Structure formats: structure tokens, C-alpha cells
$ cat run_37.cif   # mmCIF, C-alpha atoms and all ligand atoms
data_data
loop_
_atom_site.label_atom_id
_atom_site.label_comp_id
_atom_site.auth_asym_id
_atom_site.auth_seq_id
_atom_site.Cartn_x
_atom_site.Cartn_y
_atom_site.Cartn_z
CA MET A 1 -31.90 6.34 -48.06
CA LYS A 2 -29.96 8.49 -45.64
CA ILE A 3 -26.84 7.16 -43.93
CA PHE A 4 -26.06 8.16 -40.36
CA LEU A 5 -22.99 7.05 -38.41
CA ASP A 6 -23.76 5.48 -35.03
CA THR A 7 -20.79 6.67 -33.02
CA ALA A 8 -19.24 9.45 -30.93
CA ASN A 9 -15.78 8.71 -32.33
CA LEU A 10 -14.52 11.93 -33.91
CA GLU A 11 -11.88 10.22 -36.05
CA SER A 12 -14.48 7.94 -37.69
CA ILE A 13 -16.91 10.83 -38.12
CA LYS A 14 -14.26 12.93 -39.92
CA LYS A 15 -13.11 9.98 -42.03
CA PHE A 16 -16.54 9.16 -43.48
CA ASN A 17 -17.69 12.77 -43.62
CA ASP A 18 -14.69 13.59 -45.83
CA MET A 19 -15.96 10.91 -48.26
CA GLY A 20 -19.33 12.69 -48.39
CA LEU A 21 -21.16 9.67 -46.98
CA LEU A 22 -22.76 11.06 -43.85
CA ASP A 23 -26.24 12.55 -43.66
CA GLY A 24 -26.17 12.61 -39.87
CA ILE A 25 -24.99 11.04 -36.61
CA THR A 26 -26.62 9.12 -33.81
CA THR A 27 -25.10 8.79 -30.37
CA ASN A 28 -26.26 7.25 -27.12
CA PRO A 29 -24.94 7.29 -23.54
CA SER A 30 -23.01 4.03 -24.07
CA LEU A 31 -21.31 5.35 -27.22
CA MET A 32 -20.40 8.61 -25.43
CA SER A 33 -19.01 6.66 -22.48
CA LYS A 34 -16.93 4.45 -24.79
CA GLU A 35 -15.09 7.54 -26.14
CA GLY A 36 -14.35 8.91 -22.65
CA GLY A 37 -13.19 12.52 -22.22
CA ASN A 38 -15.61 15.36 -21.63
CA PRO A 39 -18.90 14.54 -23.41
CA LYS A 40 -19.67 18.26 -23.72
CA ASP A 41 -16.56 18.77 -25.88
CA VAL A 42 -17.38 15.71 -27.96
CA MET A 43 -20.98 16.82 -28.57
CA ALA A 44 -19.85 20.33 -29.49
CA GLU A 45 -17.28 18.95 -31.94
CA ILE A 46 -19.71 16.50 -33.61
CA THR A 47 -22.34 19.18 -34.18
CA LYS A 48 -19.64 21.42 -35.66
CA ILE A 49 -18.36 18.79 -38.13
CA ILE A 50 -21.74 17.43 -39.26
CA LYS A 51 -24.27 19.61 -41.09
CA GLY A 52 -27.10 17.03 -40.96
CA ASP A 53 -29.09 15.83 -37.96
CA VAL A 54 -27.15 14.79 -34.84
CA SER A 55 -29.09 12.78 -32.26
CA LEU A 56 -27.99 13.48 -28.68
CA GLU A 57 -29.71 11.48 -25.95
CA VAL A 58 -31.19 12.60 -22.64
CA VAL A 59 -30.24 10.63 -19.52
CA SER A 60 -33.09 11.77 -17.32
CA THR A 61 -35.97 9.30 -17.02
CA GLU A 62 -38.69 11.72 -15.98
CA TYR A 63 -40.53 14.30 -18.08
CA SER A 64 -39.27 17.60 -16.63
CA GLY A 65 -35.66 16.40 -16.59
CA MET A 66 -35.95 15.28 -20.21
CA ILE A 67 -37.30 18.68 -21.24
CA GLU A 68 -34.52 20.50 -19.40
CA GLU A 69 -31.80 18.25 -20.83
CA GLY A 70 -33.37 18.35 -24.30
CA LYS A 71 -33.23 22.14 -24.33
CA ARG A 72 -29.61 22.09 -23.11
CA LEU A 73 -28.67 19.58 -25.80
CA ARG A 74 -30.31 21.76 -28.44
CA GLN A 75 -27.86 24.52 -27.58
CA TYR A 76 -25.07 22.52 -29.22
CA GLY A 77 -26.59 23.33 -32.60
CA LYS A 78 -29.66 23.83 -34.74
CA ASN A 79 -29.04 20.33 -36.16
CA VAL A 80 -29.47 18.61 -32.78
CA VAL A 81 -32.26 16.05 -32.56
CA VAL A 82 -33.18 15.19 -28.98
CA LYS A 83 -33.22 11.45 -28.39
CA VAL A 84 -35.69 10.22 -25.77
CA PRO A 85 -36.45 6.67 -24.66
CA MET A 86 -39.71 4.93 -25.62
CA THR A 87 -41.39 5.39 -22.23
CA PRO A 88 -44.53 7.30 -21.14
CA ASP A 89 -42.36 10.21 -19.97
CA GLY A 90 -40.34 9.97 -23.16
CA LEU A 91 -43.47 10.30 -25.30
CA LYS A 92 -44.73 13.20 -23.20
CA ALA A 93 -41.37 14.92 -23.69
CA CYS A 94 -41.53 14.07 -27.40
CA LYS A 95 -44.88 15.79 -27.73
CA SER A 96 -43.76 18.94 -25.83
CA LEU A 97 -40.40 19.31 -27.58
CA SER A 98 -41.88 18.58 -31.03
CA SER A 99 -44.63 21.14 -30.56
CA GLU A 100 -41.93 23.72 -29.72
CA GLY A 101 -40.21 22.89 -33.00
CA ILE A 102 -37.45 20.77 -31.44
CA PRO A 103 -37.06 17.52 -33.42
CA VAL A 104 -37.14 14.26 -31.46
CA ASN A 105 -35.82 10.77 -32.08
CA VAL A 106 -37.67 8.12 -30.05
CA THR A 107 -35.20 5.36 -29.28
CA LEU A 108 -35.27 1.79 -27.92
CA VAL A 109 -38.24 0.81 -30.09
CA PHE A 110 -38.86 -2.92 -30.34
CA SER A 111 -42.48 -3.30 -31.53
CA PRO A 112 -44.74 -1.89 -34.27
CA ASN A 113 -47.09 -0.47 -31.63
CA GLN A 114 -44.26 1.46 -29.98
CA ALA A 115 -43.37 2.92 -33.38
CA LEU A 116 -47.01 3.86 -34.01
CA LEU A 117 -47.22 5.65 -30.65
CA ALA A 118 -43.93 7.49 -31.21
CA ALA A 119 -45.26 8.72 -34.57
CA LYS A 120 -48.51 9.85 -32.91
CA SER A 121 -46.44 11.84 -30.36
CA GLY A 122 -44.83 13.82 -33.17
CA ALA A 123 -41.40 12.16 -33.39
CA LYS A 124 -39.22 13.15 -36.35
CA TYR A 125 -37.48 9.76 -36.15
CA VAL A 126 -38.34 6.43 -34.64
CA SER A 127 -35.41 4.09 -33.92
CA PRO A 128 -36.20 0.36 -34.04
CA PHE A 129 -33.21 -1.71 -32.82
CA ILE A 130 -33.04 -4.66 -35.19
CA GLY A 131 -29.75 -6.28 -34.10
CA ARG A 132 -30.90 -6.54 -30.48
CA LEU A 133 -34.07 -8.33 -31.67
CA ASP A 134 -31.99 -10.71 -33.82
CA ASP A 135 -29.83 -11.33 -30.72
CA ILE A 136 -32.82 -12.75 -28.83
CA GLY A 137 -33.99 -14.91 -31.73
CA GLN A 138 -36.59 -12.52 -33.20
CA ASP A 139 -36.63 -11.18 -36.76
CA GLY A 140 -35.49 -7.55 -36.48
CA MET A 141 -36.02 -6.82 -40.17
CA HIS A 142 -39.63 -8.00 -39.97
CA LEU A 143 -40.24 -5.13 -37.52
CA ILE A 144 -39.00 -2.65 -40.15
CA LYS A 145 -41.46 -4.09 -42.71
CA GLU A 146 -44.34 -3.76 -40.25
CA ILE A 147 -43.48 -0.17 -39.31
CA LYS A 148 -43.05 0.77 -42.97
CA GLN A 149 -46.51 -0.61 -43.79
CA ILE A 150 -48.17 1.21 -40.86
CA PHE A 151 -46.49 4.55 -41.62
CA THR A 152 -47.39 4.24 -45.31
CA ASN A 153 -51.04 3.32 -44.54
CA TYR A 154 -51.52 6.47 -42.48
CA ASN A 155 -49.08 8.82 -44.20
CA PHE A 156 -47.07 9.45 -41.02
CA GLY A 157 -44.22 11.92 -41.58
CA THR A 158 -42.08 10.19 -38.96
CA GLN A 159 -38.93 8.69 -40.47
CA ILE A 160 -37.86 5.10 -39.83
CA LEU A 161 -34.28 5.20 -38.57
CA VAL A 162 -33.04 1.61 -38.58
CA ALA A 163 -30.72 1.17 -35.59
CA SER A 164 -28.63 -1.56 -33.99
CA ILE A 165 -27.34 -2.63 -37.39
CA ARG A 166 -24.80 -5.45 -37.24
CA HIS A 167 -23.73 -6.17 -40.84
CA PRO A 168 -23.98 -4.94 -44.46
CA MET A 169 -26.90 -7.24 -45.35
CA HIS A 170 -29.01 -5.41 -42.78
CA VAL A 171 -28.43 -2.26 -44.85
CA VAL A 172 -29.43 -3.91 -48.14
CA ASP A 173 -32.60 -5.32 -46.58
CA ALA A 174 -33.53 -1.99 -44.95
CA ALA A 175 -33.03 -0.21 -48.30
CA LYS A 176 -35.22 -2.79 -50.10
CA ILE A 177 -38.01 -2.19 -47.58
CA GLY A 178 -37.67 1.57 -48.10
CA ALA A 179 -36.51 2.62 -44.61
CA ASP A 180 -35.68 6.33 -44.49
CA VAL A 181 -32.38 6.11 -42.60
CA VAL A 182 -29.84 3.51 -41.47
CA THR A 183 -27.46 4.34 -38.66
CA LEU A 184 -24.25 2.38 -38.99
CA PRO A 185 -21.37 1.51 -36.71
CA PRO A 186 -18.11 2.56 -38.48
CA THR A 187 -17.12 -1.13 -38.87
CA VAL A 188 -20.25 -1.83 -40.97
CA LEU A 189 -19.68 1.22 -43.19
CA ASP A 190 -16.07 0.09 -43.69
CA LYS A 191 -17.27 -3.35 -44.80
CA MET A 192 -19.76 -1.81 -47.25
CA LEU A 193 -16.88 -0.07 -49.05
CA GLN A 194 -14.98 -3.25 -49.69
CA HIS A 195 -15.08 -6.01 -52.29
CA PRO A 196 -12.24 -8.51 -52.97
CA LEU A 197 -12.75 -8.13 -56.75
CA THR A 198 -12.13 -4.38 -56.40
CA ASP A 199 -8.80 -5.11 -54.70
CA THR A 200 -7.59 -7.76 -57.20
CA GLY A 201 -8.91 -5.69 -60.13
CA LEU A 202 -6.93 -2.65 -59.00
CA GLU A 203 -3.81 -4.74 -58.39
CA ASN A 204 -4.00 -6.11 -61.94
CA PHE A 205 -4.62 -2.69 -63.51
CA LEU A 206 -1.58 -1.25 -61.73
CA SER A 207 0.78 -4.12 -62.58
CA ASP A 208 -0.32 -4.00 -66.27
CA TRP A 209 0.27 -0.24 -66.37
CA LYS A 210 3.78 -0.70 -64.89
CA LYS A 211 4.71 -2.83 -67.92
CA LEU A 212 4.33 0.31 -70.08
CA LYS A 213 7.03 2.09 -68.06
CA ALA A 214 5.22 5.37 -68.77
CA GLY A 215 3.71 8.21 -66.74
CA ILE A 216 0.29 9.83 -67.06
C1 LIG A 301 -29.20 3.91 -32.19
O1 LIG A 301 -29.39 5.11 -32.24
C2 LIG A 301 -28.35 3.24 -31.19
O2 LIG A 301 -27.31 4.11 -30.85
C3 LIG A 301 -27.67 1.98 -31.70
O3 LIG A 301 -27.98 1.69 -33.04
C4 LIG A 301 -27.69 0.83 -30.76
O4 LIG A 301 -27.03 -0.25 -31.33
P1 LIG A 301 -26.46 -1.48 -30.52
O5 LIG A 301 -27.54 -2.49 -30.34
O6 LIG A 301 -25.36 -2.02 -31.40
O7 LIG A 301 -25.94 -0.95 -29.21
#
$ encode --input "run_37.cif" --output "C-alpha cells" --more "lines below"
Ligand code: E4P
Amino acid sequence: MKIFLDTANLESIKKFNDMGLLDGITTNPSLMSKEGGNPKDVMAEITKIIKGDVSLEVVSTEYSGMIEEGKRLRQYGKNVVVKVPMTPDGLKACKSLSSEGIPVNVTLVFSPNQALLAAKSGAKYVSPFIGRLDDIGQDGMHLIKEIKQIFTNYNFGTQILVASIRHPMHVVDAAKIGADVVTLPPTVLDKMLQHPLTDTGLENFLSDWKKLKAGI
């Protein structure tokens, strides 16, 4: 399973990239806005640091604007994936950009039918938002199971990019289902690294070694 970081925060991107953990990045207009500054500089920097796919999202809501923005976003790097919303214009843009060889991530997916249609339109990634479904009392992970079954039944090449992840158990469940990618907020990736028994184990090893009063 690939791990993407769901952020536009350069410090976090560098931190986890230096550990060799990142296969890609996803951003959205809210994440860009949270970082402030000039988004053009931020997008240029992210695509320079990360070798894998970087999803950059259009903000236009109609077809021709999405195409124009998608092509501009692609100029930041060959690894840019254009993120379009799951709307009729978004799917039309997905089809056009994909047929020109520009990869597309269809975002804001909340139902198996939306995922099926995004795959039909030629999307490289489909992004179901599981945390936002959990937030309204629906089972986000069930959606991942349904999409996985549909894509497997028909051999769709579109990858399931599990988005809106809230905690480490979401990652375990997505991996058990066989999702292709999880995109994680830095806080979730931080939590995945930690275990209290690792900390106490290390503490004990180091205090035992000190008793030897020797170097390595
Ligand atoms: C995915 O690409 C989105 O950026 C993201 O996962 C949305 O998550 P949220 O529901 O935490 O805003």
C-alpha cells in the first residue's frame, strides 16, 4: 500500500520524506489556505521535494476553467496529478485530461456509484472521504470495501486513494481491504510511528548499557 501525506506543510513533508515513508502528496484548497504564503511557491517546492505523485486541485467549477487550471498545475512537474471534484464538469475534465495523458484524481467521492463513474472517466485515482462519512454517522470504511469489490470485479485500473483519514486504525482497516493508497494527515503518521513499549524498551536498554560504563 502506498502512503501519501495529506498536507501542504513543507516541514512535515521534508520530515517524513527523509524517513523514506512518502510515495506521494495530496493537497486541497483548504490545506493550501491553512499554510498561507504564496501557493505557487508552495506547489513548486512540494513537487521539487517529492518524486512520487503530487495531487494539486483545481478551483474552477466549470469544464474549460478546470482544463486551463489543470494544464497550468501540470507545469509544476511531471509528477503532478490534477485533482478535480466529483461533478459532471469534473468528470468531463477527467476524461479530457486523462486522454491527453494527464493523470487525474477525482476527489470528494462519497458513494460507490461516484467511484464507478470516476473510474469510467479514466481517473488514475479516486478519493473516497471516509472520515467525513464517519462524522455524519455512516460507515466510511464500508465504502472502501464496496469500491474495492467493484474495481476488482471489472478490473478497473483506477487506484483507490483512501482520504479523510482520522486515526491509525483507519490505515490498518484500509490495508486489510487492499486499498491502493492512504493519504494521511501528519498527526496520523506520527501516531503510527509510536508505541509505548518501544519507548520503555529503549529506556531500559539504555539504562542497562550505562551500567557497563563502556563505549561501543
Ligand atoms: C484528500 O485528498 C483530502 O485532502 C483530505 O483527505 C480531506 O480530509 P478531511 O476530511 O480531513 O478534510
$ residues_near_ligand --input "run_37.cif" --ligand "ligand LIG 301 (chain A)" --cutoff "10 Å" --atoms "all atoms listed in the file" --output "compact mmCIF listing (two decimals) with C-alpha atoms, keeping the file's coordinate frame"
# COMPACT_ATOMS: atom_id res chain seq x y z
CA PHE A 4 -26.06 8.16 -40.36
CA LEU A 5 -22.99 7.05 -38.41
CA ASP A 6 -23.76 5.48 -35.03
CA THR A 7 -20.79 6.67 -33.02
CA ALA A 8 -19.24 9.45 -30.93
CA ILE A 25 -24.99 11.04 -36.61
CA THR A 26 -26.62 9.12 -33.81
CA THR A 27 -25.10 8.79 -30.37
CA ASN A 28 -26.26 7.25 -27.12
CA PRO A 29 -24.94 7.29 -23.54
CA SER A 30 -23.01 4.03 -24.07
CA LEU A 31 -21.31 5.35 -27.22
CA MET A 32 -20.40 8.61 -25.43
CA SER A 55 -29.09 12.78 -32.26
CA LEU A 56 -27.99 13.48 -28.68
CA GLU A 57 -29.71 11.48 -25.95
CA LYS A 83 -33.22 11.45 -28.39
CA ASN A 105 -35.82 10.77 -32.08
CA VAL A 106 -37.67 8.12 -30.05
CA THR A 107 -35.20 5.36 -29.28
CA LEU A 108 -35.27 1.79 -27.92
CA VAL A 109 -38.24 0.81 -30.09
CA VAL A 126 -38.34 6.43 -34.64
CA SER A 127 -35.41 4.09 -33.92
CA PRO A 128 -36.20 0.36 -34.04
CA PHE A 129 -33.21 -1.71 -32.82
CA ILE A 130 -33.04 -4.66 -35.19
CA GLY A 131 -29.75 -6.28 -34.10
CA ARG A 132 -30.90 -6.54 -30.48
CA LEU A 133 -34.07 -8.33 -31.67
CA ASP A 134 -31.99 -10.71 -33.82
CA ASP A 135 -29.83 -11.33 -30.72
CA LEU A 161 -34.28 5.20 -38.57
CA VAL A 162 -33.04 1.61 -38.58
CA ALA A 163 -30.72 1.17 -35.59
CA SER A 164 -28.63 -1.56 -33.99
CA ILE A 165 -27.34 -2.63 -37.39
CA ARG A 166 -24.80 -5.45 -37.24
CA VAL A 182 -29.84 3.51 -41.47
CA THR A 183 -27.46 4.34 -38.66
CA LEU A 184 -24.25 2.38 -38.99
CA PRO A 185 -21.37 1.51 -36.71
$ residues_near_point --input "run_37.cif" --point "(-35.5, 18.9, -22.0)" --cutoff "12 Å" --atoms "only C-alpha atoms" --output "JSON, numbers by chain"
{"A": [56, 57, 58, 59, 60, 61, 62, 63, 64, 65, 66, 67, 68, 69, 70, 71, 72, 73, 74, 75, 81, 82, 83, 84, 89, 90, 92, 93, 94, 95, 96, 97, 98, 100, 102, 103, 104]}
$ closest_residue --input "run_37.cif" --among "A:Lys34, A:Lys51, A:His142, A:Phe16" --to "A:Asp173" --atoms "only C-alpha atoms"
A:His142
$ closest_residue --input "run_37.cif" --among "A:Ala175, A:Ile150, A:Val54, A:Ala123" --to "A:Val80" --atoms "all atoms listed in the file"
A:Val54
$ atom_distance --input "run_37.cif" --atom1 "atom CA of A:Gly77" --atom2 "atom CA of A:Pro39"
14.9 Å
$ residues_around --input "run_37.cif" --residues "A:Pro168" --least-positions-apart "4" --cutoff "9 Å" --atoms "only C-alpha atoms" --output "mmCIF file with C-alpha atoms, in the coordinates of the input"
data_model
loop_
_atom_site.group_PDB
_atom_site.id
_atom_site.type_symbol
_atom_site.label_atom_id
_atom_site.label_comp_id
_atom_site.auth_asym_id
_atom_site.auth_seq_id
_atom_site.Cartn_x
_atom_site.Cartn_y
_atom_site.Cartn_z
ATOM 1 C CA VAL A 172 -29.430 -3.910 -48.140
ATOM 2 C CA ASP A 173 -32.600 -5.320 -46.580
ATOM 3 C CA VAL A 188 -20.250 -1.830 -40.970
ATOM 4 C CA LEU A 189 -19.680 1.220 -43.190
ATOM 5 C CA LYS A 191 -17.270 -3.350 -44.800
ATOM 6 C CA MET A 192 -19.760 -1.810 -47.250
#
$ atom_distance --input "run_37.cif" --atom1 "atom CA of A:Tyr76" --atom2 "atom CA of A:Ala115"
27.1 Å
$ closest_residue --input "run_37.cif" --among "A:Ile160, A:Met141, A:Met86, A:Ile46" --to "A:Ser121" --atoms "only C-alpha atoms"
A:Met86
$ atom_distance --input "run_37.cif" --atom1 "atom CA of A:Glu146" --atom2 "atom CA of A:Gln114"
11.5 Å
$ closest_residue --input "run_37.cif" --among "A:Ala44, A:Ile177, A:Leu22, A:Leu116" --to "A:Asn153" --atoms "all atoms listed in the file"
A:Leu116
